[in-house]
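Dropping query.txt in here (compact mmCIF, C-alpha atoms):
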# COMPACT_ATOMS: atom_id res chain seq x y z
CA MET S 6 1.73 4.86 -3.72
CA TYR S 7 5.01 3.75 -2.47
CA THR S 8 6.72 0.93 -0.82
CA GLN S 9 10.44 0.80 -0.44
CA ALA S 10 12.38 -2.32 0.21
CA LEU S 11 14.28 -1.45 3.32
CA ASN S 12 15.31 -5.01 3.75
CA GLN S 13 14.78 -5.62 7.34
CA ALA S 14 13.55 -9.05 8.24
CA ASP S 15 13.61 -11.31 11.19
CA ASP S 16 15.08 -14.70 10.50
CA GLY S 17 15.10 -17.96 12.30
CA PRO S 18 12.41 -19.88 14.13
CA ALA S 19 11.05 -18.32 17.31
CA ARG S 20 10.58 -20.21 20.52
CA GLY S 21 7.84 -22.80 20.33
CA GLU S 22 7.99 -23.19 16.54
CA ASN S 23 9.03 -26.59 15.31
CA GLU S 24 10.44 -27.78 12.03
CA THR S 25 7.22 -29.59 11.08
CA GLN S 26 5.14 -26.43 11.42
CA LEU S 27 7.69 -24.43 9.46
CA ALA S 28 7.87 -27.05 6.71
CA ARG S 29 4.08 -27.22 6.44
CA PHE S 30 3.94 -23.42 6.22
CA GLN S 31 6.60 -23.33 3.51
CA ALA S 32 4.72 -26.03 1.59
CA ARG S 33 1.59 -23.86 1.59
CA ILE S 34 3.64 -20.91 0.30
CA ASP S 35 5.26 -23.09 -2.38
CA ALA S 36 1.81 -24.27 -3.47
CA GLU S 37 0.87 -20.57 -4.00
CA GLU S 38 -1.73 -20.73 -1.23
CA ARG S 39 -2.50 -17.35 0.35
CA ILE S 40 -1.91 -17.02 4.07
CA GLU S 41 -4.89 -15.52 5.92
CA PRO S 42 -5.01 -13.61 9.24
CA ASN S 43 -5.85 -16.46 11.62
CA ASP S 44 -3.63 -19.06 9.94
CA TRP S 45 -0.55 -20.30 11.71
CA MET S 46 2.53 -18.41 10.56
CA PRO S 47 6.13 -18.15 11.77
CA GLU S 48 6.70 -15.20 14.11
CA ALA S 49 9.40 -13.90 11.76
CA TYR S 50 6.97 -13.90 8.82
CA ARG S 51 4.46 -11.96 10.90
CA ARG S 52 7.03 -9.41 12.06
CA THR S 53 8.51 -8.95 8.59
CA LEU S 54 5.04 -8.31 7.18
CA ILE S 55 3.99 -5.92 9.94
CA ARG S 56 7.13 -3.93 9.31
CA GLN S 57 6.85 -3.92 5.53
CA ILE S 58 3.11 -3.15 5.39
CA SER S 59 3.29 -0.43 8.03
CA GLN S 60 6.31 1.20 6.38
CA HIS S 61 4.35 1.15 3.18
CA ALA S 62 1.32 2.71 4.93
CA HIS S 63 3.46 5.41 6.57
CA SER S 64 4.96 6.20 3.15
CA GLU S 65 1.51 6.79 1.70
CA ILE S 66 0.57 9.10 4.56
CA VAL S 67 3.83 11.09 4.57
CA GLY S 68 3.65 11.08 0.75
CA MET S 69 0.60 13.33 0.93
CA LEU S 70 2.77 16.18 2.24
CA PRO S 71 5.11 17.04 -0.65
CA GLU S 72 2.21 17.08 -3.12
CA GLY S 73 -0.26 18.73 -0.75
CA ASN S 74 2.22 21.59 -0.80
CA TRP S 75 1.07 22.46 -4.35
CA ILE S 76 -2.71 22.00 -4.18
CA THR S 77 -3.45 25.67 -3.58
CA ARG S 78 -0.97 26.72 -6.27
CA ALA S 79 -1.96 24.33 -9.07
CA PRO S 80 -1.96 26.27 -12.37
CA SER S 81 -5.53 25.39 -13.40
CA LEU S 82 -8.73 23.98 -12.00
CA ARG S 83 -8.19 20.76 -14.00
CA ARG S 84 -4.77 20.27 -12.43
CA LYS S 85 -6.05 21.18 -9.00
CA ALA S 86 -8.92 18.68 -9.14
CA ALA S 87 -6.55 15.93 -10.30
CA LEU S 88 -3.98 16.71 -7.61
CA LEU S 89 -6.62 16.80 -4.88
CA ALA S 90 -7.93 13.42 -6.03
CA LYS S 91 -4.42 11.99 -6.13
CA VAL S 92 -3.53 13.18 -2.64
CA GLN S 93 -6.84 11.83 -1.35
CA ASP S 94 -5.98 8.48 -2.96
CA GLU S 95 -2.65 8.40 -1.13
CA GLY S 96 -4.50 8.88 2.15
CA GLY S 97 -6.85 6.06 1.16
CA HIS S 98 -3.93 3.80 0.26
CA GLY S 99 -2.39 4.43 3.66
CA LEU S 100 -5.64 3.41 5.30
CA TYR S 101 -6.05 0.18 3.25
CA LEU S 102 -2.54 -0.76 4.29
CA TYR S 103 -2.96 0.08 7.97
CA ALA S 104 -6.09 -2.11 7.90
CA ALA S 105 -4.06 -4.96 6.36
CA ALA S 106 -1.29 -4.58 8.97
CA GLU S 107 -3.86 -4.62 11.78
CA THR S 108 -4.99 -8.11 10.73
CA LEU S 109 -1.56 -9.29 11.92
CA GLY S 110 -2.31 -8.25 15.48
CA VAL S 111 -0.85 -4.75 15.74
CA SER S 112 -3.07 -1.80 16.66
CA ARG S 113 -3.53 1.39 14.66
CA GLU S 114 -2.54 3.44 17.70
CA GLU S 115 0.72 1.52 17.97
CA LEU S 116 1.49 2.03 14.27
CA THR S 117 0.74 5.76 14.44
CA ASP S 118 2.92 6.04 17.51
CA GLN S 119 5.81 4.29 15.72
CA LEU S 120 5.64 6.85 12.91
CA LEU S 121 5.31 9.91 15.12
CA SER S 122 8.05 8.85 17.52
CA GLY S 123 10.43 8.34 14.59
CA ARG S 124 10.89 4.61 15.23
CA ALA S 125 9.21 3.59 11.97
CA LYS S 126 10.70 4.26 8.58
CA TYR S 127 9.00 5.46 5.44
CA SER S 128 10.17 5.80 1.86
CA SER S 129 13.24 8.05 1.56
CA ILE S 130 11.75 9.83 -1.48
CA PHE S 131 9.38 11.96 0.60
CA ASN S 132 12.19 13.70 2.36
CA TYR S 133 12.95 15.72 -0.76
CA PRO S 134 11.26 19.11 -1.28
CA THR S 135 8.79 20.04 -4.04
CA LEU S 136 10.27 23.33 -5.19
CA THR S 137 8.34 24.01 -8.41
CA TRP S 138 5.13 22.92 -10.13
CA ALA S 139 7.21 20.67 -12.38
CA ASP S 140 8.03 18.59 -9.30
CA ILE S 141 4.38 17.52 -9.19
CA GLY S 142 4.77 16.25 -12.76
CA ALA S 143 8.05 14.50 -11.96
CA ILE S 144 6.61 12.86 -8.82
CA GLY S 145 3.61 11.45 -10.67
CA TRP S 146 5.70 10.24 -13.58
CA LEU S 147 8.78 8.93 -11.73
CA VAL S 148 7.81 8.31 -8.12
CA ASP S 149 4.43 6.77 -8.88
CA GLY S 150 6.01 5.00 -11.85
CA ALA S 151 8.61 3.43 -9.56
CA ALA S 152 5.90 2.60 -7.03
CA ILE S 153 3.82 0.80 -9.66
CA MET S 154 6.84 -1.29 -10.68
CA ASN S 155 7.25 -2.28 -7.05
CA GLN S 156 3.59 -2.82 -6.35
CA ILE S 157 2.37 -4.91 -9.26
CA PRO S 158 4.25 -8.00 -8.04
CA LEU S 159 2.92 -7.31 -4.53
CA CYS S 160 -0.61 -8.03 -5.81
CA ARG S 161 0.56 -11.67 -5.71
CA THR S 162 2.30 -11.48 -2.34
CA SER S 163 1.67 -14.48 -0.10
CA TYR S 164 -0.29 -12.68 2.65
CA GLY S 165 -3.94 -12.37 1.56
CA PRO S 166 -4.95 -9.03 3.11
CA TYR S 167 -1.77 -7.35 1.81
CA ALA S 168 -2.29 -8.74 -1.70
CA ARG S 169 -5.92 -7.58 -1.74
CA ALA S 170 -4.98 -4.08 -0.56
CA MET S 171 -2.33 -3.94 -3.29
CA ILE S 172 -4.84 -4.88 -5.98
CA ARG S 173 -7.02 -1.92 -5.00
CA ILE S 174 -4.00 0.37 -4.86
CA CYS S 175 -2.64 -0.68 -8.25
CA LYS S 176 -6.01 -0.06 -9.89
CA GLU S 177 -5.95 3.51 -8.62
CA GLU S 178 -2.29 4.20 -9.17
CA SER S 179 -2.19 4.31 -12.94
CA PHE S 180 -4.00 7.65 -13.07
CA HIS S 181 -1.33 9.10 -10.81
CA GLN S 182 1.48 8.29 -13.18
CA ARG S 183 -0.41 9.43 -16.27
CA GLN S 184 -1.41 12.79 -14.81
CA GLY S 185 2.24 13.34 -13.84
CA TYR S 186 3.49 12.53 -17.31
CA GLU S 187 0.86 14.83 -18.81
CA ILE S 188 2.13 17.69 -16.64
CA MET S 189 5.68 17.00 -17.85
CA LEU S 190 4.53 16.81 -21.47
CA THR S 191 2.66 20.11 -21.23
CA LEU S 192 5.71 21.84 -19.74
CA CYS S 193 8.03 20.32 -22.35
CA ARG S 194 5.82 21.61 -25.16
CA GLY S 195 5.58 25.05 -23.55
CA THR S 196 8.02 27.95 -23.34
CA PRO S 197 11.78 27.36 -22.98
CA GLU S 198 11.41 28.40 -19.33
CA GLN S 199 8.73 25.76 -18.75
CA LYS S 200 10.82 23.09 -20.40
CA ALA S 201 13.82 24.10 -18.29
CA MET S 202 11.63 23.71 -15.22
CA ALA S 203 10.71 20.16 -16.29
CA GLN S 204 14.39 19.36 -16.90
CA ASP S 205 15.34 20.69 -13.49
CA ALA S 206 12.67 18.52 -11.85
CA LEU S 207 13.91 15.40 -13.69
CA ASN S 208 17.48 16.24 -12.64
CA ARG S 209 16.49 16.38 -8.98
CA TRP S 210 14.07 13.40 -8.86
CA TRP S 211 15.81 10.83 -11.06
CA TRP S 212 18.34 9.47 -8.60
CA PRO S 213 16.05 9.53 -5.56
CA ALA S 214 13.48 7.62 -7.69
CA LEU S 215 16.07 4.91 -8.43
CA MET S 216 16.80 4.66 -4.71
CA MET S 217 13.14 3.87 -4.05
CA PHE S 218 13.81 0.24 -4.94
CA GLY S 219 16.09 -0.11 -1.94
CA PRO S 220 19.72 -1.17 -1.57
CA PRO S 221 21.42 -3.32 -4.21
CA ASP S 222 20.83 -7.07 -4.01
CA ALA S 223 24.40 -7.73 -2.91
CA GLU S 224 23.77 -5.69 0.25
CA SER S 225 20.29 -6.91 1.07
CA ALA S 226 20.72 -9.91 3.25
CA HIS S 227 17.00 -10.43 3.78
CA THR S 228 15.82 -10.44 0.20
CA ALA S 229 16.37 -14.21 0.01
CA GLN S 230 14.08 -14.95 2.96
CA SER S 231 11.36 -12.59 1.69
CA MET S 232 11.56 -14.25 -1.71
CA ARG S 233 11.30 -17.73 -0.13
CA TRP S 234 8.16 -16.59 1.69
CA LYS S 235 6.92 -15.01 -1.54
CA ILE S 236 6.43 -11.69 0.19
CA LYS S 237 8.68 -10.35 -2.56
CA ARG S 238 8.64 -11.72 -6.10
CA PHE S 239 11.53 -9.78 -7.63
CA THR S 240 14.75 -8.45 -6.17
CA ASN S 241 15.44 -4.73 -5.75
CA ASP S 242 17.88 -4.65 -8.67
CA GLU S 243 15.51 -6.50 -11.00
CA LEU S 244 12.74 -4.00 -10.31
CA ARG S 245 15.09 -1.04 -10.63
CA GLN S 246 16.22 -2.27 -14.06
CA LYS S 247 12.63 -2.75 -15.21
CA PHE S 248 11.85 0.81 -14.13
CA VAL S 249 14.84 2.30 -15.94
CA ASP S 250 14.01 0.34 -19.12
CA ALA S 251 10.42 1.57 -19.06
CA THR S 252 11.16 5.17 -18.10
CA VAL S 253 14.14 6.24 -20.21
CA PRO S 254 12.23 6.10 -23.54
CA GLN S 255 9.40 8.13 -21.94
CA GLY S 256 11.91 10.81 -20.90
CA LEU S 257 13.49 10.87 -24.34
CA HIS S 258 10.03 11.35 -25.83
CA LEU S 259 9.69 14.46 -23.68
CA GLY S 260 12.94 15.73 -25.18
CA LEU S 261 14.63 15.72 -21.78
CA THR S 262 18.03 14.39 -20.79
CA PHE S 263 18.75 12.20 -17.77
CA PRO S 264 21.27 13.41 -15.19
CA ASP S 265 23.48 10.37 -15.76
CA PRO S 266 26.40 10.61 -18.21
CA GLU S 267 26.82 6.84 -18.10
CA LEU S 268 23.27 6.08 -19.21
CA ARG S 269 23.37 4.09 -22.48
CA PHE S 270 21.38 1.46 -24.31
CA ASP S 271 22.97 -1.98 -24.31
CA GLU S 272 22.08 -3.57 -27.65
CA ALA S 273 23.20 -7.01 -26.54
CA THR S 274 20.82 -7.27 -23.57
CA GLY S 275 18.17 -4.75 -24.58
CA HIS S 276 18.58 -2.94 -21.26
CA TRP S 277 19.43 0.65 -20.41
CA ARG S 278 22.63 0.67 -18.34
CA PHE S 279 22.91 3.37 -15.71
CA GLY S 280 25.70 4.82 -13.57
CA ALA S 281 26.46 4.19 -9.91
CA ILE S 282 23.85 5.24 -7.35
CA ASP S 283 25.03 7.34 -4.40
CA TRP S 284 24.08 4.92 -1.62
CA GLU S 285 25.68 7.19 0.93
CA GLU S 286 22.95 9.75 0.19
CA PHE S 287 20.29 7.03 0.53
CA ARG S 288 21.58 5.99 3.96
CA ARG S 289 21.83 9.61 5.06
CA VAL S 290 18.23 10.38 4.09
CA LEU S 291 16.95 7.16 5.65
CA ALA S 292 18.81 7.93 8.87
CA GLY S 293 16.88 11.20 9.15
CA HIS S 294 19.26 13.66 7.51
CA GLY S 295 17.45 14.34 4.22
CA PRO S 296 16.36 17.86 3.27
CA CYS S 297 12.83 17.50 4.74
CA ASN S 298 12.83 14.68 7.34
CA ARG S 299 12.21 17.04 10.27
CA GLU S 300 9.54 19.00 8.44
CA ARG S 301 7.62 15.85 7.44
CA ILE S 302 7.50 14.33 10.90
CA ASP S 303 6.71 17.70 12.48
CA ALA S 304 3.77 18.08 10.10
CA ARG S 305 2.43 14.61 11.00
CA ARG S 306 2.84 15.26 14.74
CA ARG S 307 1.09 18.58 14.47
CA ALA S 308 -1.81 17.07 12.53
CA HIS S 309 -2.15 14.27 15.08
CA ALA S 310 -2.01 16.62 18.07
CA GLU S 311 -4.41 19.14 16.54
CA GLY S 312 -6.88 16.36 15.73
CA ALA S 313 -6.86 14.94 19.28
CA TRP S 314 -9.85 17.01 20.42
CA VAL S 315 -11.87 15.78 17.44
CA ARG S 316 -11.21 12.15 18.32
CA GLU S 317 -12.04 12.79 21.97
CA ALA S 318 -15.24 14.65 21.09
CA ALA S 319 -16.38 11.90 18.69
CA LEU S 320 -15.83 9.22 21.32
CA ALA S 321 -17.58 11.29 24.02
CA HIS S 322 -20.52 11.93 21.70
CA ALA S 323 -20.80 8.22 20.87
CA ALA S 324 -20.64 7.29 24.58
CA LYS S 325 -23.33 9.86 25.41
CA ARG S 326 -25.63 8.54 22.69
CA ARG S 327 -25.13 4.96 23.85
CA ALA S 328 -25.93 5.97 27.45
CA ARG S 329 -29.09 7.82 26.38
CA GLU S 330 -30.20 4.89 24.27
CA ALA S 331 -29.69 2.52 27.21
CA ALA S 332 -31.61 4.84 29.56
CA ARG S 333 -34.47 5.12 27.06
CA LYS S 334 -34.71 1.31 26.87
CA VAL S 335 -34.78 0.96 30.65
CA ALA S 336 -37.52 3.60 30.88
CA ALA S 337 -39.58 1.83 28.21
CA GLU S 338 -39.49 -1.51 30.01
CA MET I 9 -0.67 9.86 26.89
CA ALA I 10 -2.74 6.75 26.27
CA GLU I 11 -5.62 7.84 24.10
CA THR I 12 -8.81 5.74 24.10
CA PRO I 13 -8.51 3.42 21.11
CA MET I 14 -10.97 4.22 18.33
CA PRO I 15 -13.28 1.19 17.74
CA ILE I 16 -12.64 -0.84 14.61
CA TRP I 17 -15.34 -1.77 12.06
CA GLU I 18 -15.31 -4.24 9.20
CA VAL I 19 -16.57 -2.82 5.92
CA PHE I 20 -18.70 -4.70 3.37
CA ILE I 21 -19.68 -3.21 0.02
CA ARG I 22 -22.26 -4.23 -2.55
CA SER I 23 -20.81 -3.40 -5.95
CA ARG I 24 -22.87 -2.04 -8.79
CA THR I 25 -23.14 -5.50 -10.30
CA GLY I 26 -25.76 -6.30 -7.66
CA LEU I 27 -23.82 -9.09 -5.98
CA ALA I 28 -23.80 -9.82 -2.27
CA HIS I 29 -21.99 -7.44 0.06
CA ARG I 30 -18.33 -8.28 0.10
CA HIS I 31 -15.68 -7.62 2.70
CA VAL I 32 -13.25 -4.88 1.59
CA GLY I 33 -11.32 -3.88 4.71
CA SER I 34 -11.81 -2.00 7.93
CA VAL I 35 -12.04 1.52 9.35
CA HIS I 36 -11.78 3.12 12.78
CA ALA I 37 -14.68 5.26 13.99
CA ALA I 38 -16.38 6.33 17.21
CA ASP I 39 -19.85 5.15 16.16
CA ALA I 40 -21.72 3.44 13.33
CA GLU I 41 -22.64 6.68 11.60
CA MET I 42 -19.03 7.84 11.45
CA ALA I 43 -17.93 4.37 10.40
CA LEU I 44 -20.28 4.54 7.40
CA GLN I 45 -18.91 7.96 6.48
CA ALA I 46 -15.30 6.80 6.80
CA ALA I 47 -16.02 3.63 4.79
CA ARG I 48 -17.60 5.72 2.05
CA ASP I 49 -14.55 8.03 1.87
CA THR I 50 -12.02 5.22 2.08
CA TYR I 51 -13.50 2.47 -0.07
CA THR I 52 -15.80 4.08 -2.66
CA ARG I 53 -13.92 6.89 -4.36
CA ARG I 54 -14.56 5.48 -7.83
CA GLY I 55 -18.11 4.25 -7.80
CA GLU I 56 -17.21 0.86 -6.31
CA GLY I 57 -20.49 0.45 -4.50
CA LEU I 58 -24.18 1.09 -4.11
CA SER I 59 -24.50 -0.01 -0.50
CA ILE I 60 -22.23 -0.26 2.54
CA TRP I 61 -22.45 -2.35 5.70
CA VAL I 62 -20.26 -1.63 8.71
CA VAL I 63 -20.03 -4.18 11.51
CA PRO I 64 -18.07 -3.85 14.77
CA SER I 65 -15.10 -6.19 14.29
CA ALA I 66 -15.65 -7.63 17.76
CA ALA I 67 -19.15 -8.77 16.72
CA ILE I 68 -17.78 -11.25 14.18
CA THR I 69 -17.25 -14.85 15.25
CA ALA I 70 -14.89 -16.67 12.92
CA SER I 71 -14.15 -20.35 12.54
CA ASP I 72 -10.68 -21.45 13.58
CA PRO I 73 -8.42 -22.34 10.63
CA ALA I 74 -7.21 -25.28 12.73
CA ASP I 75 -10.73 -26.75 12.47
CA LYS I 76 -10.67 -26.52 8.70
CA ASP I 77 -10.45 -30.29 8.10
CA MET I 78 -13.04 -31.17 10.71
CA LEU I 79 -15.49 -28.62 9.30
CA PHE I 80 -15.02 -28.89 5.58
CA GLU I 81 -13.25 -32.11 4.70
CA PRO I 82 -16.34 -34.39 5.13
CA THR I 83 -18.00 -32.88 2.05
CA ALA I 84 -15.18 -34.23 -0.12
CA SER I 85 -16.47 -37.77 0.37
CA LYS I 86 -20.04 -36.94 -0.64
CA PRO I 87 -20.04 -36.70 -4.41
CA TYR I 88 -23.72 -37.76 -4.39
CA ARG I 89 -24.54 -34.18 -3.42
CA HIS I 90 -23.57 -33.06 -6.92
CA PRO I 91 -25.76 -33.47 -10.02
CA THR I 92 -22.97 -35.06 -12.03
CA PHE I 93 -23.12 -38.09 -9.68
CA TYR I 94 -26.33 -39.23 -11.41
CA THR I 95 -26.65 -40.55 -14.94
CA VAL I 96 -29.54 -39.53 -17.13
CA PRO I 97 -29.92 -41.28 -20.52
CA GLU I 98 -28.96 -39.06 -23.41
CA GLU I 99 -32.36 -39.46 -25.11
CA VAL I 100 -34.01 -37.88 -22.07
CA GLY I 101 -32.21 -34.68 -22.91
CA HIS I 102 -31.11 -31.83 -20.68
CA MET I 103 -32.14 -32.05 -17.06
Starting from the coordinates I provided, produce the structure as structure tokens.
Amino acid sequence: MYTQALNQADDGPARGENETQLARFQARIDAEERIEPNDWMPEAYRRTLIRQISQHAHSEIVGMLPEGNWITRAPSLRRKAALLAKVQDEGGHGLYLYAAAETLGVSREELTDQLLSGRAKYSSIFNYPTLTWADIGAIGWLVDGAAIMNQIPLCRTSYGPYARAMIRICKEESFHQRQGYEIMLTLCRGTPEQKAMAQDALNRWWWPALMMFGPPDAESAHTAQSMRWKIKRFTNDELRQKFVDATVPQGLHLGLTFPDPELRFDEATGHWRFGAIDWEEFRRVLAGHGPCNRERIDARRRAHAEGAWVREAALAHAAKRRAREAARKVAAE
Amino acid sequence: MAETPMPIWEVFIRSRTGLAHRHVGSVHAADAEMALQAARDTYTRRGEGLSIWVVPSAAITASDPADKDMLFEPTASKPYRHPTFYTVPEEVGHM
């Protein structure tokens, strides 16, 4: 579902890389060639990708938690089936992305350990709580909507396995946004209490959704390098603006208001202009002080620890079967 | 607390269009049976396939991208391997 530009990159040639290699690599990128796992690549490109893809994967996995919270309380079987399928998709997306990251030479165990030990980051949006059923509508509509904006250009990212994973993800993502919008629409056409619930969800999710695109361009020193390598195709601010332009009319159609008194349509440019984002809040949440950071990581740690015996048993069972098979062969000879 | 790493498998799926199996990604699993199950859950949630292959990643031998020119460049100078290299008179018709 969700990647967030956290704008960390590693610049500069590493030891043993020469200008000719770097120039040849850049020429391949400029010619829109895809880079594949065993191709030569600058160490900084590899590290930037491992970090971005694994953060994206972690976000998908942690992203299952706020929505999973409502599966047993979905208001109808139709909604429950859709939500189950969506959460399962997020798990699948995490796995496609871990697989893509592993082609760069990092192990799954290492990536899991980075998440559980708190060294790896994931999208700030999942550290907000899902307080009412309307939050499930708002997440599908806004959070998946923002994710799609971010992810469509990533289908053309320069690293082959990442681009291919993103194509699969984007195909599956559209249902997520539509089911969310449908939930919002149903609430907005319901009782005044239901509509108020939808409004409250929009009020709480709007600003965190805008933060999903990452810090403003002026503060993201590494955007330029990622754009040169064609890992990114648009800057954070460009994507954020596209999202606002697409989303505001959808919200107005619902009959809802946005929690931004400065929001207005600019006739001259055809864009919706929005107020200042509270970047202090963004940094706070990213640094681990959001409403649910502790709860999310605790839930992941618990799941990992409680699943340890299953992994051990599966490996022991496989080893036993292999040993028996080998013994049977020896006996037959 | 070093856990034993779970073996990695490459996943190939034959889509409903009846084409060859195609690489789609990888999964981790203790044995082939579990790898098939994981591949099914991960890569075929929307009817993407009619058949799955799983292969231990370590069993694949790949060519080195550095050998690309040595391996594949020579075919560029052999246009006589293509039908368009040969002329057939128009009156003979389609061949």
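Within 9 Å of the point (26.8, 3.4, -16.8), counting only C-alpha atoms, the protein and nucleic acid residues come to Asp265, Pro266, Glu267, Leu268, Arg269, Trp277, Arg278, Phe279, Gly280 and Ala281 of chain S.
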Could you list, as a PDB file with C-alpha atoms, in the frame of the given file, the residues of chain I having an atom within 12 Å of chain S when counting only C-alpha atoms?
ATOM      1  CA  MET I   9      -0.670   9.860  26.890  1.00  0.00           C
ATOM      2  CA  ALA I  10      -2.740   6.750  26.270  1.00  0.00           C
ATOM      3  CA  GLU I  11      -5.620   7.840  24.100  1.00  0.00           C
ATOM      4  CA  THR I  12      -8.810   5.740  24.100  1.00  0.00           C
ATOM      5  CA  PRO I  13      -8.510   3.420  21.110  1.00  0.00           C
ATOM      6  CA  MET I  14     -10.970   4.220  18.330  1.00  0.00           C
ATOM      7  CA  PRO I  15     -13.280   1.190  17.740  1.00  0.00           C
ATOM      8  CA  ILE I  16     -12.640  -0.840  14.610  1.00  0.00           C
ATOM      9  CA  TRP I  17     -15.340  -1.770  12.060  1.00  0.00           C
ATOM     10  CA  GLU I  18     -15.310  -4.240   9.200  1.00  0.00           C
ATOM     11  CA  VAL I  19     -16.570  -2.820   5.920  1.00  0.00           C
ATOM     12  CA  HIS I  31     -15.680  -7.620   2.700  1.00  0.00           C
ATOM     13  CA  VAL I  32     -13.250  -4.880   1.590  1.00  0.00           C
ATOM     14  CA  GLY I  33     -11.320  -3.880   4.710  1.00  0.00           C
ATOM     15  CA  SER I  34     -11.810  -2.000   7.930  1.00  0.00           C
ATOM     16  CA  VAL I  35     -12.040   1.520   9.350  1.00  0.00           C
ATOM     17  CA  HIS I  36     -11.780   3.120  12.780  1.00  0.00           C
ATOM     18  CA  ALA I  37     -14.680   5.260  13.990  1.00  0.00           C
ATOM     19  CA  ALA I  38     -16.380   6.330  17.210  1.00  0.00           C
ATOM     20  CA  ASP I  39     -19.850   5.150  16.160  1.00  0.00           C
ATOM     21  CA  ALA I  40     -21.720   3.440  13.330  1.00  0.00           C
ATOM     22  CA  GLU I  41     -22.640   6.680  11.600  1.00  0.00           C
ATOM     23  CA  MET I  42     -19.030   7.840  11.450  1.00  0.00           C
ATOM     24  CA  ALA I  43     -17.930   4.370  10.400  1.00  0.00           C
ATOM     25  CA  ALA I  46     -15.300   6.800   6.800  1.00  0.00           C
ATOM     26  CA  ALA I  47     -16.020   3.630   4.790  1.00  0.00           C
ATOM     27  CA  ARG I  48     -17.600   5.720   2.050  1.00  0.00           C
ATOM     28  CA  ASP I  49     -14.550   8.030   1.870  1.00  0.00           C
ATOM     29  CA  THR I  50     -12.020   5.220   2.080  1.00  0.00           C
ATOM     30  CA  TYR I  51     -13.500   2.470  -0.070  1.00  0.00           C
ATOM     31  CA  THR I  52     -15.800   4.080  -2.660  1.00  0.00           C
ATOM     32  CA  ARG I  53     -13.920   6.890  -4.360  1.00  0.00           C
ATOM     33  CA  ARG I  54     -14.560   5.480  -7.830  1.00  0.00           C
ATOM     34  CA  GLU I  56     -17.210   0.860  -6.310  1.00  0.00           C
ATOM     35  CA  SER I  65     -15.100  -6.190  14.290  1.00  0.00           C
ATOM     36  CA  ALA I  70     -14.890 -16.670  12.920  1.00  0.00           C
ATOM     37  CA  SER I  71     -14.150 -20.350  12.540  1.00  0.00           C
ATOM     38  CA  ASP I  72     -10.680 -21.450  13.580  1.00  0.00           C
ATOM     39  CA  PRO I  73      -8.420 -22.340  10.630  1.00  0.00           C
ATOM     40  CA  ALA I  74      -7.210 -25.280  12.730  1.00  0.00           C
ATOM     41  CA  ASP I  75     -10.730 -26.750  12.470  1.00  0.00           C
ATOM     42  CA  LYS I  76     -10.670 -26.520   8.700  1.00  0.00           C
TER      43      LYS I  76
END
Hey, can I get the axis-aligned box for stretch 136-155 of chain S? All listed atoms, 4 Å padding on each side, centre and edge lengths in Å to one decimal, as AutoDock Vina command-line options.
--center_x 6.9 --center_y 10.9 --center_z -9.4 --size_x 14.7 --size_y 34.3 --size_z 16.4
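Picture a line from atom CA of S:Gln230 to atom CA of S:Tyr167; it runs 17.6 Å.
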Write out as a PyMOL selection string each polymer residue whose atoms come within 7 Å of stretch 202-213 of chain S, counting all atoms listed in the file; drop sequence neighbours fewer than 5 positions from it. chain S and resi 130+139-140+143+189+192-193+261+263-264
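The coordinates place atom CA of S:Leu190 at 8.7 Å from atom CA of S:Gly142.
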Contacts of S:Arg51 at 12 Å or less, counting all atoms listed in the file, minus same-chain residues fewer than 4 places along, as an MDAnalysis selection string? chainID S and resid 14:16 18:19 40:47 55:59 105:111 163:164 167 231 234 236
I need the chosen residues saved as a CSV table (one decimal), in the frame of the given file, with C-alpha atoms.
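After the write, out.csv holds the following:
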chain,number,residue,atom,x,y,z
S,14,ALA,CA,13.6,-9.0,8.2
S,15,ASP,CA,13.6,-11.3,11.2
S,16,ASP,CA,15.1,-14.7,10.5
S,18,PRO,CA,12.4,-19.9,14.1
S,19,ALA,CA,11.0,-18.3,17.3
S,40,ILE,CA,-1.9,-17.0,4.1
S,41,GLU,CA,-4.9,-15.5,5.9
S,42,PRO,CA,-5.0,-13.6,9.2
S,43,ASN,CA,-5.8,-16.5,11.6
S,44,ASP,CA,-3.6,-19.1,9.9
S,45,TRP,CA,-0.6,-20.3,11.7
S,46,MET,CA,2.5,-18.4,10.6
S,47,PRO,CA,6.1,-18.2,11.8
S,55,ILE,CA,4.0,-5.9,9.9
S,56,ARG,CA,7.1,-3.9,9.3
S,57,GLN,CA,6.8,-3.9,5.5
S,58,ILE,CA,3.1,-3.2,5.4
S,59,SER,CA,3.3,-0.4,8.0
S,105,ALA,CA,-4.1,-5.0,6.4
S,106,ALA,CA,-1.3,-4.6,9.0
S,107,GLU,CA,-3.9,-4.6,11.8
S,108,THR,CA,-5.0,-8.1,10.7
S,109,LEU,CA,-1.6,-9.3,11.9
S,110,GLY,CA,-2.3,-8.2,15.5
S,111,VAL,CA,-0.8,-4.8,15.7
S,163,SER,CA,1.7,-14.5,-0.1
S,164,TYR,CA,-0.3,-12.7,2.6
S,167,TYR,CA,-1.8,-7.4,1.8
S,231,SER,CA,11.4,-12.6,1.7
S,234,TRP,CA,8.2,-16.6,1.7
S,236,ILE,CA,6.4,-11.7,0.2
Kindly indicate which residue among S:Leu215, S:Val148, S:Ala331, S:Asn23 lies nearest to S:Val249, using only C-alpha atoms for the distances. S:Leu215
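For the pair atom CA of S:Glu285 and atom CA of S:His227, the interatomic distance is 19.8 Å.
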Distance query I:Ile21 at most 7 Å, only C-alpha atoms, self and fewer than 2 positions along chain excluded, as a VMD selection string: chain I and resid 19 23 29 to 32 57 59 to 61
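Look at everything within 12 Å of (1.8, 3.3, -16.9) using only C-alpha atoms, and the residues you get are Gly145, Trp146, Leu147, Val148, Asp149, Gly150, Ala151, Ala152, Ile153, Met154, Ile157, Cys175, Lys176, Glu177, Glu178, Ser179, Phe180, His181, Gln182, Arg183, Gln184, Gly185, Tyr186, Glu187, Phe248, Ala251, Thr252 and Gln255 of chain S.
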